[in-house]
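Asker: run-v3.txt (compact mmCIF, C-alpha atoms and all ligand atoms) pasted underneath:
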```txt
# COMPACT_ATOMS: atom_id res chain seq x y z
CA MET A 855 69.64 85.47 119.01
CA SER A 856 69.67 81.85 117.84
CA ASP A 857 66.31 80.80 116.42
CA PHE A 858 66.81 77.07 116.75
CA ASP A 859 67.30 74.97 119.84
CA ALA A 860 70.21 72.58 119.38
CA LYS A 861 69.14 70.54 122.42
CA LYS A 862 65.76 69.57 120.97
CA GLY A 863 65.42 66.62 118.58
CA VAL A 864 68.35 65.06 116.78
CA VAL A 865 71.58 66.90 117.59
CA LEU A 866 73.54 67.34 114.40
CA VAL A 867 74.96 70.79 113.93
CA ASN A 868 77.92 71.85 111.86
CA SER A 869 80.34 73.61 114.16
CA VAL A 870 80.70 76.59 111.82
CA PHE A 871 77.08 77.21 110.85
CA GLY A 872 75.84 76.24 114.31
CA ALA A 873 77.83 78.99 115.99
CA PRO A 874 76.38 82.28 114.70
CA GLY A 875 72.89 83.39 115.60
CA THR A 876 70.47 84.85 113.07
CA SER A 877 72.20 87.44 110.88
CA ILE A 878 71.98 91.00 112.18
CA PHE A 879 70.32 92.07 108.91
CA GLU A 880 67.54 89.56 109.36
CA SER A 881 67.04 90.24 113.07
CA MET A 882 66.93 94.05 112.73
CA SER A 883 64.58 93.73 109.72
CA ARG A 884 62.29 91.57 111.83
CA LEU A 885 62.32 94.07 114.70
CA ALA A 886 61.55 96.91 112.30
CA ALA A 887 58.63 94.96 110.80
CA GLU A 888 57.25 94.07 114.23
CA THR A 889 57.35 97.66 115.47
CA GLY A 890 56.41 99.57 112.30
CA SER A 891 59.83 101.24 112.28
CA ILE A 892 61.41 102.46 109.02
CA ASN A 893 63.96 99.80 108.10
CA LEU A 894 67.24 101.48 107.16
CA GLY A 895 69.17 98.49 108.51
CA GLN A 896 69.38 95.70 105.97
CA GLY A 897 70.93 96.90 102.71
CA PHE A 898 68.23 96.60 100.09
CA PRO A 899 66.98 99.35 97.79
CA GLU A 900 63.49 100.64 97.27
CA GLY A 901 62.06 102.13 94.08
CA LEU A 902 65.23 102.01 91.96
CA GLU A 903 64.71 98.96 89.73
CA PRO A 904 65.18 99.90 86.03
CA PRO A 905 61.94 99.11 84.09
CA GLU A 906 63.97 97.84 81.12
CA LEU A 907 65.36 95.06 83.30
CA ILE A 908 61.95 94.02 84.59
CA GLU A 909 60.55 94.00 81.03
CA ALA A 910 63.48 91.89 79.83
CA ALA A 911 62.83 89.38 82.62
CA ILE A 912 59.11 89.19 81.76
CA GLN A 913 59.95 88.64 78.11
CA ALA A 914 62.50 85.95 78.96
CA LEU A 915 60.00 84.18 81.21
CA ARG A 916 57.46 84.19 78.39
CA ASP A 917 59.93 82.99 75.78
CA GLY A 918 61.88 80.45 77.85
CA PRO A 919 63.86 78.27 77.95
CA HIS A 920 63.19 77.22 81.52
CA GLN A 921 65.61 74.34 81.91
CA TYR A 922 69.17 74.27 83.20
CA PRO A 923 71.24 76.83 81.34
CA PRO A 924 74.95 76.14 80.73
CA MET A 925 76.84 75.62 83.98
CA MET A 926 79.12 78.62 83.36
CA GLY A 927 76.15 80.90 82.66
CA LEU A 928 74.33 82.14 79.55
CA PRO A 929 76.85 83.23 76.89
CA SER A 930 74.89 86.50 76.47
CA LEU A 931 75.38 87.35 80.15
CA ARG A 932 79.02 86.30 80.26
CA ARG A 933 79.70 88.48 77.23
CA ALA A 934 77.79 91.37 78.82
CA VAL A 935 79.83 91.06 82.04
CA ALA A 936 83.03 91.36 80.00
CA ASP A 937 81.68 94.22 77.84
CA ASN A 938 80.47 96.19 80.86
CA ALA A 939 83.86 95.81 82.54
CA ARG A 940 85.58 97.05 79.39
CA ARG A 941 83.19 100.01 79.01
CA PHE A 942 83.37 101.27 82.60
CA LEU A 943 86.67 99.96 83.96
CA GLY A 944 88.86 99.47 80.91
CA LEU A 945 89.25 95.74 81.63
CA GLU A 946 90.09 93.25 78.91
CA VAL A 947 88.28 90.04 79.79
CA ASP A 948 87.92 86.84 77.75
CA TRP A 949 84.27 86.04 78.44
CA GLU A 950 84.59 82.41 77.38
CA ARG A 951 87.50 81.56 79.66
CA GLU A 952 87.28 84.14 82.43
CA VAL A 953 83.61 84.69 83.40
CA LEU A 954 81.31 82.52 85.54
CA VAL A 955 77.70 83.34 86.49
CA THR A 956 76.62 82.50 90.05
CA SER A 957 73.50 82.79 92.18
CA GLY A 958 74.50 86.10 93.71
CA ALA A 959 77.83 87.39 94.98
CA THR A 960 77.28 85.22 98.04
CA GLU A 961 77.53 82.09 95.92
CA ALA A 962 80.52 83.58 94.11
CA LEU A 963 82.28 84.04 97.46
CA THR A 964 81.29 80.54 98.58
CA ASP A 965 82.60 78.97 95.36
CA THR A 966 85.81 80.99 95.59
CA PHE A 967 86.57 79.89 99.15
CA LEU A 968 85.48 76.27 98.58
CA GLY A 969 87.30 76.05 95.27
CA LEU A 970 90.61 77.62 96.30
CA LEU A 971 91.18 77.04 100.03
CA ASN A 972 92.53 74.06 101.91
CA GLU A 973 92.43 73.22 105.61
CA GLY A 974 94.32 75.76 107.71
CA ASP A 975 94.89 78.30 104.93
CA GLU A 976 94.86 81.85 106.29
CA VAL A 977 92.75 84.54 104.67
CA ILE A 978 93.16 88.22 105.52
CA VAL A 979 89.92 90.20 105.78
CA PHE A 980 89.48 93.87 106.62
CA GLU A 981 87.28 94.88 109.53
CA PRO A 982 84.61 96.17 109.62
CA VAL A 983 83.92 93.13 107.44
CA TYR A 984 80.84 91.91 105.59
CA ASP A 985 79.42 89.22 107.84
CA ALA A 986 79.38 86.29 105.40
CA TYR A 987 83.15 86.25 104.79
CA GLY A 988 84.29 84.81 108.13
CA THR A 989 81.72 82.02 108.25
CA LEU A 990 82.20 80.99 104.61
CA ILE A 991 86.00 81.02 104.92
CA ARG A 992 85.83 78.86 108.05
CA ARG A 993 83.40 76.40 106.47
CA ALA A 994 85.83 76.05 103.57
CA GLY A 995 88.57 75.09 106.07
CA GLY A 996 90.25 78.49 106.07
CA VAL A 997 91.18 80.74 108.97
CA PRO A 998 90.04 84.37 108.70
CA VAL A 999 92.68 86.80 109.93
CA PRO A 1000 91.19 90.25 110.58
CA VAL A 1001 93.08 93.47 109.97
CA ARG A 1002 91.31 96.56 111.21
CA LEU A 1003 90.66 99.88 109.53
CA ALA A 1004 90.17 102.67 112.06
CA PRO A 1005 87.68 105.55 111.98
CA PRO A 1006 87.28 108.30 111.01
CA GLU A 1007 89.67 107.95 108.01
CA TRP A 1008 89.41 104.16 107.62
CA ARG A 1009 92.83 104.10 105.89
CA LEU A 1010 94.52 100.86 104.92
CA PRO A 1011 96.80 99.99 107.91
CA ARG A 1012 99.87 99.01 105.93
CA ASP A 1013 102.06 97.86 108.81
CA GLU A 1014 99.32 95.75 110.36
CA LEU A 1015 98.52 94.22 106.99
CA GLU A 1016 102.12 93.29 106.36
CA ALA A 1017 102.49 91.91 109.87
CA ALA A 1018 99.39 89.72 109.44
CA ILE A 1019 100.96 87.78 106.56
CA THR A 1020 102.41 84.39 107.57
CA PRO A 1021 103.68 81.39 105.57
CA ARG A 1022 100.10 80.04 105.74
CA THR A 1023 98.46 83.12 104.19
CA ARG A 1024 96.85 82.35 100.83
CA MET A 1025 94.37 85.13 100.20
CA ILE A 1026 93.40 88.74 100.92
CA VAL A 1027 89.73 89.66 100.59
CA VAL A 1028 89.09 93.29 99.70
CA ASN A 1029 85.56 94.65 99.52
CA ASN A 1030 85.91 97.75 97.38
CA PRO A 1031 83.84 99.97 97.56
CA MET A 1032 83.47 98.80 101.12
CA ASN A 1033 80.37 97.83 103.06
CA PRO A 1034 79.59 99.16 105.68
CA ILE A 1035 81.84 102.24 105.61
CA GLY A 1036 81.47 103.38 101.98
CA LYS A 1037 85.23 103.58 101.52
CA ILE A 1038 86.79 103.51 98.03
CA PHE A 1039 90.37 102.22 98.17
CA ASP A 1040 92.71 104.71 96.52
CA ALA A 1041 95.34 103.89 93.89
CA ALA A 1042 98.20 103.77 96.42
CA GLU A 1043 96.28 101.37 98.68
CA LEU A 1044 95.44 99.08 95.76
CA ALA A 1045 99.05 99.11 94.59
CA PHE A 1046 100.26 98.28 98.10
CA VAL A 1047 97.95 95.25 98.37
CA ALA A 1048 98.88 94.11 94.86
CA THR A 1049 102.60 94.34 95.62
CA LEU A 1050 102.20 92.33 98.83
CA ALA A 1051 100.11 89.75 96.99
CA ARG A 1052 102.79 89.30 94.36
CA ARG A 1053 105.60 89.18 96.89
CA HIS A 1054 103.85 86.51 98.99
CA ASP A 1055 102.08 84.75 96.11
CA LEU A 1056 98.56 85.47 97.39
CA VAL A 1057 95.20 85.54 95.65
CA ILE A 1058 93.20 88.78 95.95
CA VAL A 1059 89.45 88.27 96.22
CA ALA A 1060 88.00 91.59 95.09
CA ASP A 1061 84.36 91.85 96.15
CA GLU A 1062 83.36 94.73 93.88
CA VAL A 1063 79.58 94.45 94.15
CA TYR A 1064 79.25 98.24 94.69
CA GLU A 1065 81.39 99.08 91.62
CA HIS A 1066 78.67 101.22 89.98
CA LEU A 1067 77.48 102.97 93.15
CA VAL A 1068 80.16 105.65 93.28
CA PHE A 1069 79.20 109.31 93.69
CA ASP A 1070 80.36 112.92 93.29
CA GLY A 1071 82.78 112.23 90.44
CA ASN A 1072 84.82 109.79 92.55
CA SER A 1073 86.34 107.07 90.45
CA PHE A 1074 86.57 103.39 91.14
CA THR A 1075 89.45 101.19 89.99
CA SER A 1076 89.00 97.44 89.79
CA PHE A 1077 91.79 95.32 91.24
CA LEU A 1078 91.74 93.40 88.00
CA SER A 1079 93.00 96.46 86.12
CA LEU A 1080 96.34 96.40 87.96
CA PRO A 1081 98.74 94.61 85.59
CA GLU A 1082 100.80 93.24 88.47
CA ALA A 1083 97.68 91.60 89.95
CA ARG A 1084 95.80 90.56 86.78
CA ASP A 1085 96.56 86.85 87.14
CA ARG A 1086 95.83 86.63 90.89
CA VAL A 1087 92.55 88.55 91.27
CA VAL A 1088 89.10 86.99 91.63
CA ARG A 1089 86.68 89.81 90.86
CA ILE A 1090 83.10 89.43 92.10
CA GLY A 1091 80.06 91.45 90.97
CA SER A 1092 76.34 91.41 91.70
CA ALA A 1093 73.34 92.41 89.62
CA GLY A 1094 71.52 92.83 92.92
CA LYS A 1095 73.45 96.04 93.57
CA THR A 1096 73.94 97.33 90.02
CA PHE A 1097 70.23 97.03 89.21
CA SER A 1098 68.68 97.40 92.67
CA VAL A 1099 67.24 93.87 92.60
CA THR A 1100 68.86 92.23 95.62
CA GLY A 1101 66.31 89.41 95.67
CA TRP A 1102 67.32 88.21 92.22
CA LYS A 1103 70.64 86.78 93.33
CA VAL A 1104 72.57 86.96 90.09
CA GLY A 1105 76.31 87.38 90.53
CA TYR A 1106 79.42 86.89 88.44
CA VAL A 1107 83.07 85.98 88.90
CA THR A 1108 85.82 87.24 86.62
CA ALA A 1109 89.25 85.65 87.00
CA ALA A 1110 92.14 84.17 85.05
CA PRO A 1111 91.34 80.62 83.84
CA ASN A 1112 93.65 78.91 86.34
CA LEU A 1113 91.63 80.45 89.20
CA LEU A 1114 88.22 80.28 87.54
CA GLY A 1115 88.61 76.52 86.89
CA PRO A 1116 88.49 75.37 90.54
CA ILE A 1117 85.91 78.06 91.38
CA SER A 1118 83.58 76.77 88.65
CA ARG A 1119 84.11 73.21 89.91
CA ALA A 1120 82.79 74.32 93.30
CA HIS A 1121 79.91 76.13 91.57
CA GLN A 1122 78.81 72.98 89.77
CA TYR A 1123 78.17 71.30 93.11
CA VAL A 1124 76.86 74.31 95.05
CA THR A 1125 74.05 75.54 92.74
CA PHE A 1126 75.18 74.36 89.27
CA THR A 1127 73.17 77.15 87.57
CA THR A 1128 71.19 80.36 88.05
CA PRO A 1129 67.63 81.04 86.73
CA PRO A 1130 67.99 81.63 82.97
CA ALA A 1131 65.33 84.34 82.65
CA LEU A 1132 67.08 86.44 85.27
CA GLN A 1133 70.41 85.90 83.54
CA ALA A 1134 68.94 87.11 80.24
CA ALA A 1135 67.48 90.19 81.92
CA VAL A 1136 70.75 91.04 83.67
CA ALA A 1137 72.57 90.74 80.32
CA ALA A 1138 70.16 93.36 78.95
CA GLY A 1139 70.78 95.50 82.03
CA LEU A 1140 74.56 95.40 81.73
CA ASN A 1141 74.22 96.50 78.10
CA LEU A 1142 72.08 99.57 78.99
CA PRO A 1143 73.51 102.91 77.87
CA GLY A 1144 75.76 104.94 80.13
CA SER A 1145 72.82 107.19 81.02
CA TYR A 1146 71.32 104.41 83.21
CA PHE A 1147 74.49 104.05 85.25
CA GLU A 1148 74.98 107.82 85.55
CA GLY A 1149 71.33 108.22 86.55
CA LEU A 1150 71.68 105.59 89.26
CA ARG A 1151 74.69 107.37 90.73
CA ARG A 1152 72.98 110.75 90.68
CA ASP A 1153 69.81 109.39 92.15
CA LEU A 1154 71.52 107.53 94.98
CA ALA A 1155 73.69 110.55 95.77
CA ALA A 1156 70.55 112.69 96.11
CA ARG A 1157 68.99 110.13 98.45
CA ARG A 1158 72.22 110.00 100.44
CA ASP A 1159 72.11 113.79 100.84
CA VAL A 1160 68.59 113.71 102.30
CA LEU A 1161 69.46 111.08 104.88
CA VAL A 1162 72.92 112.32 105.81
CA SER A 1163 71.74 115.88 106.42
CA GLY A 1164 68.82 114.57 108.49
CA LEU A 1165 71.12 112.39 110.56
CA ARG A 1166 73.56 115.24 111.11
CA GLY A 1167 70.66 117.42 112.19
CA ALA A 1168 69.68 114.78 114.73
CA GLY A 1169 73.18 114.79 116.27
CA PHE A 1170 75.00 111.99 114.46
CA THR A 1171 78.55 112.56 113.18
CA ILE A 1172 79.02 111.36 109.60
CA SER A 1173 82.00 111.69 107.27
CA ASP A 1174 81.55 112.04 103.51
CA VAL A 1175 79.91 109.02 101.89
CA PRO A 1176 81.47 108.52 98.44
CA SER A 1177 79.89 105.15 97.56
CA THR A 1178 77.64 102.16 98.37
CA TYR A 1179 74.16 102.24 99.92
CA PHE A 1180 75.37 103.07 103.39
CA ALA A 1181 76.16 105.91 105.77
CA VAL A 1182 77.98 104.94 108.96
CA ALA A 1183 77.20 107.32 111.78
CA ASP A 1184 79.31 107.93 114.86
CA ILE A 1185 77.00 107.65 117.90
CA GLY A 1186 79.45 109.18 120.36
CA ALA A 1187 77.07 112.10 120.97
CA PHE A 1188 74.52 109.76 122.54
CA ASP A 1189 74.60 107.87 125.76
CA VAL A 1190 75.10 104.37 124.34
CA GLY A 1191 77.19 102.73 127.06
CA ASN A 1192 79.34 100.70 124.62
CA ASP A 1193 76.25 99.05 123.22
CA ASP A 1194 75.54 99.94 119.60
CA LEU A 1195 73.16 96.99 119.29
CA GLY A 1196 71.18 98.31 122.27
CA PHE A 1197 71.24 101.78 120.69
CA SER A 1198 69.98 100.38 117.36
CA ARG A 1199 67.09 98.71 119.17
CA ARG A 1200 66.43 101.86 121.19
CA LEU A 1201 66.36 104.01 118.06
CA THR A 1202 63.90 101.54 116.52
CA LEU A 1203 61.55 101.74 119.48
CA GLU A 1204 61.98 105.42 120.37
CA ALA A 1205 62.47 107.04 116.95
CA GLY A 1206 60.86 104.50 114.59
CA VAL A 1207 64.03 104.33 112.47
CA THR A 1208 66.17 101.17 112.34
CA PRO A 1209 69.94 101.03 111.64
CA VAL A 1210 72.31 98.08 112.09
CA PRO A 1211 75.11 98.17 114.68
CA VAL A 1212 78.58 98.27 113.12
CA SER A 1213 79.92 95.97 115.89
CA SER A 1214 78.33 93.12 113.91
CA PHE A 1215 80.98 93.71 111.27
CA TYR A 1216 83.75 92.84 113.78
CA GLY A 1217 84.53 89.25 114.82
CA ALA A 1218 85.04 90.39 118.43
CA ARG A 1219 81.95 92.69 118.39
CA ASP A 1220 84.04 95.17 120.38
CA VAL A 1221 83.85 98.32 118.22
CA THR A 1222 80.59 99.93 119.28
CA SER A 1223 81.05 103.52 118.12
CA HIS A 1224 79.00 103.45 114.91
CA VAL A 1225 75.69 102.35 113.41
CA ARG A 1226 74.91 101.97 109.70
CA PHE A 1227 71.94 103.45 107.83
CA CYS A 1228 70.92 102.47 104.27
CA PHE A 1229 69.92 105.42 102.07
CA ALA A 1230 68.84 103.45 98.96
CA LYS A 1231 65.18 104.09 99.79
CA THR A 1232 62.42 106.22 98.26
CA PHE A 1233 62.63 109.95 98.98
CA GLU A 1234 59.32 109.60 100.81
CA THR A 1235 60.74 106.93 103.14
CA LEU A 1236 63.90 108.94 103.76
CA GLU A 1237 62.01 112.19 104.41
CA GLU A 1238 59.75 110.40 106.89
CA ALA A 1239 62.83 108.93 108.59
CA VAL A 1240 64.35 112.41 108.87
CA VAL A 1241 61.14 113.80 110.41
CA ARG A 1242 61.05 110.95 112.92
CA LEU A 1243 64.70 111.45 113.86
CA ALA A 1244 64.12 115.17 114.42
CA ARG A 1245 61.12 114.41 116.67
CA TRP A 1246 63.15 111.84 118.58
CA ARG A 1247 65.90 114.39 119.09
CA GLU A 1248 63.34 116.74 120.60
CA GLY A 1249 62.15 114.00 122.93
CA GLN A 1250 58.83 113.40 121.18
CA SER A 1251 57.40 109.99 120.52
CA TRP A 1252 57.13 109.08 116.82
CA LYS A 1253 54.03 107.02 117.47
CA ALA A 1254 52.09 109.93 118.96
CA ALA A 1255 53.16 112.28 116.16
CA SER A 1256 52.69 110.07 113.10
N1 LIG B 1 79.33 91.30 99.35
C1 LIG B 1 78.98 92.45 99.94
C2 LIG B 1 80.02 93.36 100.44
C3 LIG B 1 77.63 92.77 100.10
O1 LIG B 1 77.29 93.90 100.73
C4 LIG B 1 76.66 91.90 99.61
C5 LIG B 1 75.23 92.31 99.71
N2 LIG B 1 74.44 91.61 100.44
C6 LIG B 1 77.08 90.69 99.02
C7 LIG B 1 78.42 90.44 98.89
C8 LIG B 1 76.10 89.66 98.55
O2 LIG B 1 75.54 89.95 97.33
P1 LIG B 1 74.39 89.05 96.69
O3 LIG B 1 73.10 89.52 97.24
O4 LIG B 1 74.53 89.23 95.21
O5 LIG B 1 74.64 87.63 97.10
N1 LIG B 2 74.45 92.97 102.07
C1 LIG B 2 73.31 93.45 102.76
C2 LIG B 2 73.75 94.42 103.82
O1 LIG B 2 74.91 94.62 104.03
C3 LIG B 2 72.47 92.42 103.44
C4 LIG B 2 72.59 91.02 103.02
C5 LIG B 2 71.87 90.10 103.95
O2 LIG B 2 70.79 90.42 104.43
N2 LIG B 2 72.48 89.01 104.23
O3 LIG B 2 72.90 94.98 104.45
```
How does the structure come out when it is put into structure tokens?
Ligand code: PMP
Ligand code: GLN
Answerer:
Amino acid sequence: MSDFDAKKGVVLVNSVFGAPGTSIFESMSRLAAETGSINLGQGFPEGLEPPELIEAAIQALRDGPHQYPPMMGLPSLRRAVADNARRFLGLEVDWEREVLVTSGATEALTDTFLGLLNEGDEVIVFEPVYDAYGTLIRRAGGVPVPVRLAPPEWRLPRDELEAAITPRTRMIVVNNPMNPIGKIFDAAELAFVATLARRHDLVIVADEVYEHLVFDGNSFTSFLSLPEARDRVVRIGSAGKTFSVTGWKVGYVTAAPNLLGPISRAHQYVTFTTPPALQAAVAAGLNLPGSYFEGLRRDLAARRDVLVSGLRGAGFTISDVPSTYFAVADIGAFDVGNDDLGFSRRLTLEAGVTPVPVSSFYGARDVTSHVRFCFAKTFETLEEAVVRLARWREGQSWKAAS
């Protein structure tokens, strides 16, 4: 899947970034575009951007300024990050000492690993794991140590987690709510991780980019709200998810000053700043009334219902989906021969609907029982996907029918 040839021209390849091929999100998106398939693979929303945010960005672009904003981020956005966390999660955050703006959650993760890790430090990650973690941890000198959650319950495996901790462990990364499986960690699971972190003096990196995408009255608790973990949590958020603008790449880190210091030092050499107009617009977004956030939840839940019932009708097995953009579907009912990537390609060609294989979220690529569909699309797109899946199930070609 590699799109460059290391044997041609000057050979100079970093051993970490040279190893992986093109990301699965990019390669499945490309295949969908080439074949005219509906792309439910890569996690980006369609038709959900709040107009107030777009207007605020236009206004900020007109008004300026257009030069480097402060390295830590615009004060208005840092204050808004703290206010939003107080309003929805009950967090008390000192915006001047505890909030940093980054170019997306990806940069926040990069800065966190670069700023806090040293050579050989072990970092526990939970599989299925968001693909960037392993590579970024390794490039920062760390060693990712996977601990697996098992379907269909995807519960925190407490014994395995405890057994994975060694004298070299420095960090546990928890993506909550969790991509790709839509899991929300419950209070007992959070408390267990927090207790272990305190006992072994570990930092908890809480990737909470899906914090606002929680449905059906489920509640989400930030790791930062646990008093026993308050001084050891690095909380990461993303405007891309909260405002359905994944291309904007505005993220934020909230952490105690002793952790935020080295993270912001990494940030000043990675990107230094983030486009000021987008920061101003995101500040306006975070200050929107509760009705925006409730509306987003309701809207996404309705879209989820359309896709999940269509997928179930087409023979996929899906548990409840309480959060995120994603439904993971068990493909055991189909003849996939331990090849969820092959099945994802087959579904693209035969049904005209593209998922991503969940094996890509495992370092060893050996769990091939599920594929992931993104439901943050327009109702029209989702309804068309459901029609195509039903035709595929009946053995009809989507090309002939559509
Ligand atoms: N973490 C997780 C779990 C994600 O799903 C994403 C979305 N791509 C990111 C981080 C990156 O977010 P951003 O686009 O803000 O860099
Ligand atoms: N986070 C998005 C997903 O899980 C994709 C991000 C990317 O394309 N790198 O689908």
Asker: What lies within 8 Å of A:Ile991 using all atoms listed in the file, ignoring chain neighbours under 3 positions off, as JSON, numbers by chain?
Answerer: {"A": [964, 967, 968, 977, 987, 988, 994, 995, 996, 997, 998]}
Asker: To one decimal place, how far is atom CA of A:Thr1202 from atom CA of A:Tyr1179 in Å?
Answerer: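 Separating atom CA of A:Thr1202 from atom CA of A:Tyr1179 is a distance of 19.5 Å.
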Asker: So, counting all atoms listed in the file, which residue among A:Leu866, A:Leu1140, A:Ile878, A:Ile1026 is closest to ligand LIG 2 (chain B)?
Answerer: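 Using all atoms listed in the file, ligand LIG 2 (chain B) sits closest to A:Ile878.
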Asker: Show me which residues line ligand LIG 2 (chain B), defined as having an atom within 12 Å of a ligand atom where all atoms listed in the file count, and present them as a VMD selection string.
Answerer: chain A and resid 876 to 884 893 to 899 958 to 961 982 to 987 1029 1032 to 1036 1061 1063 to 1064 1092 1094 to 1095 1098 to 1101 1103 1178 to 1182 1209 to 1212 1214 to 1215 1225 to 1230
Asker: Do a neighbour search on A:Ile1172 at 12 Å with all atoms listed in the file, toss out local chain neighbours closer than 2 positions, and write the hits as JSON, numbers by chain.
Answerer: {"A": [1005, 1006, 1007, 1035, 1036, 1158, 1159, 1161, 1162, 1163, 1164, 1165, 1166, 1167, 1168, 1169, 1170, 1174, 1175, 1176, 1180, 1181, 1182, 1183, 1184, 1185, 1186, 1187, 1223, 1224, 1225, 1226, 1227]}
Asker: If I wrap all listed atoms of ligand LIG 1 (chain B) in a box with edges along x, y and z and add 3 Å on each side, what are its centre and edge lengths in Å to one decimal, as AutoDock Vina command-line options?
Answerer:
```
--center_x 76.6 --center_y 90.8 --center_z 98.0 --size_x 12.9 --size_y 12.3 --size_z 11.5
```
Asker: Fewer than 3 positions away in the same chain doesn't count, so skip those; otherwise give me all residues within 9 Å of A:Asp1193, counting all atoms listed in the file, as a ChimeraX atom specification.
Answerer: /A:1190,1196-1198,1211,1213,1222-1223
Asker: Any chance you could export the current selection's C-alpha atoms as a compact mmCIF listing (two decimals), in the frame of the given file?
Answerer:
```txt
# COMPACT_ATOMS: atom_id res chain seq x y z
CA VAL A 1190 75.10 104.37 124.34
CA GLY A 1196 71.18 98.31 122.27
CA PHE A 1197 71.24 101.78 120.69
CA SER A 1198 69.98 100.38 117.36
CA PRO A 1211 75.11 98.17 114.68
CA SER A 1213 79.92 95.97 115.89
CA THR A 1222 80.59 99.93 119.28
CA SER A 1223 81.05 103.52 118.12
```
Asker: Between A:Ile912, A:Leu1078, A:Val999, A:Val1107, single out the one closest to ligand LIG 1 (chain B), counting all atoms listed in the file.
Answerer: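 Among the listed residues, A:Val1107 lies closest to ligand LIG 1 (chain B).
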Asker: Nearest to ligand LIG 1 (chain B) among A:Leu1067, A:Leu1056, A:Val1047, A:Ala1018, with distances taken over all atoms listed in the file: which residue is it?
Answerer: A:Leu1067
Asker: Around (96.2, 82.9, 99.7) in the file's frame, which residues reach within 10 Å when counting all atoms listed in the file? Return as a count of residues only?
Answerer: 24
Asker: Just checking: using only C-alpha atoms and all ligand atoms, which residue out of A:Lys1037, A:His920, A:Arg1152, A:Arg1247 ends up closest to ligand LIG 1 (chain B)?
Answerer: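 With only C-alpha atoms and all ligand atoms as the atom set, the closest residue is A:Lys1037.
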Asker: Which distance in Å separates atom CA of A:Glu1065 and atom CA of A:Val1221, to one decimal?
Answerer: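 Pair atom CA of A:Glu1065 / atom CA of A:Val1221 returns 26.7 Å.
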Asker: Could you please determine the separation between atom CA of A:Arg932 and atom CA of A:Arg1084 in Å, to one decimal place?
Answerer: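 For atom CA of A:Arg932 relative to atom CA of A:Arg1084, the distance reads 18.5 Å.
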Asker: Please determine, counting all atoms listed in the file, which residue among A:Asn868, A:Thr956, A:Ser891, A:Ser1076 has the shortest atom-to-atom distance to A:Thr1128.
Answerer: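 Answer, going by the shortest atom-to-atom distance: A:Thr956.
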Asker: Quick one: of A:Gln1122, A:Asn1072, A:Thr966, A:Thr1127, who's nearest to A:Tyr922, counting all atoms listed in the file?
Answerer: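 Using all atoms listed in the file, the shortest distance to A:Tyr922 belongs to A:Thr1127.
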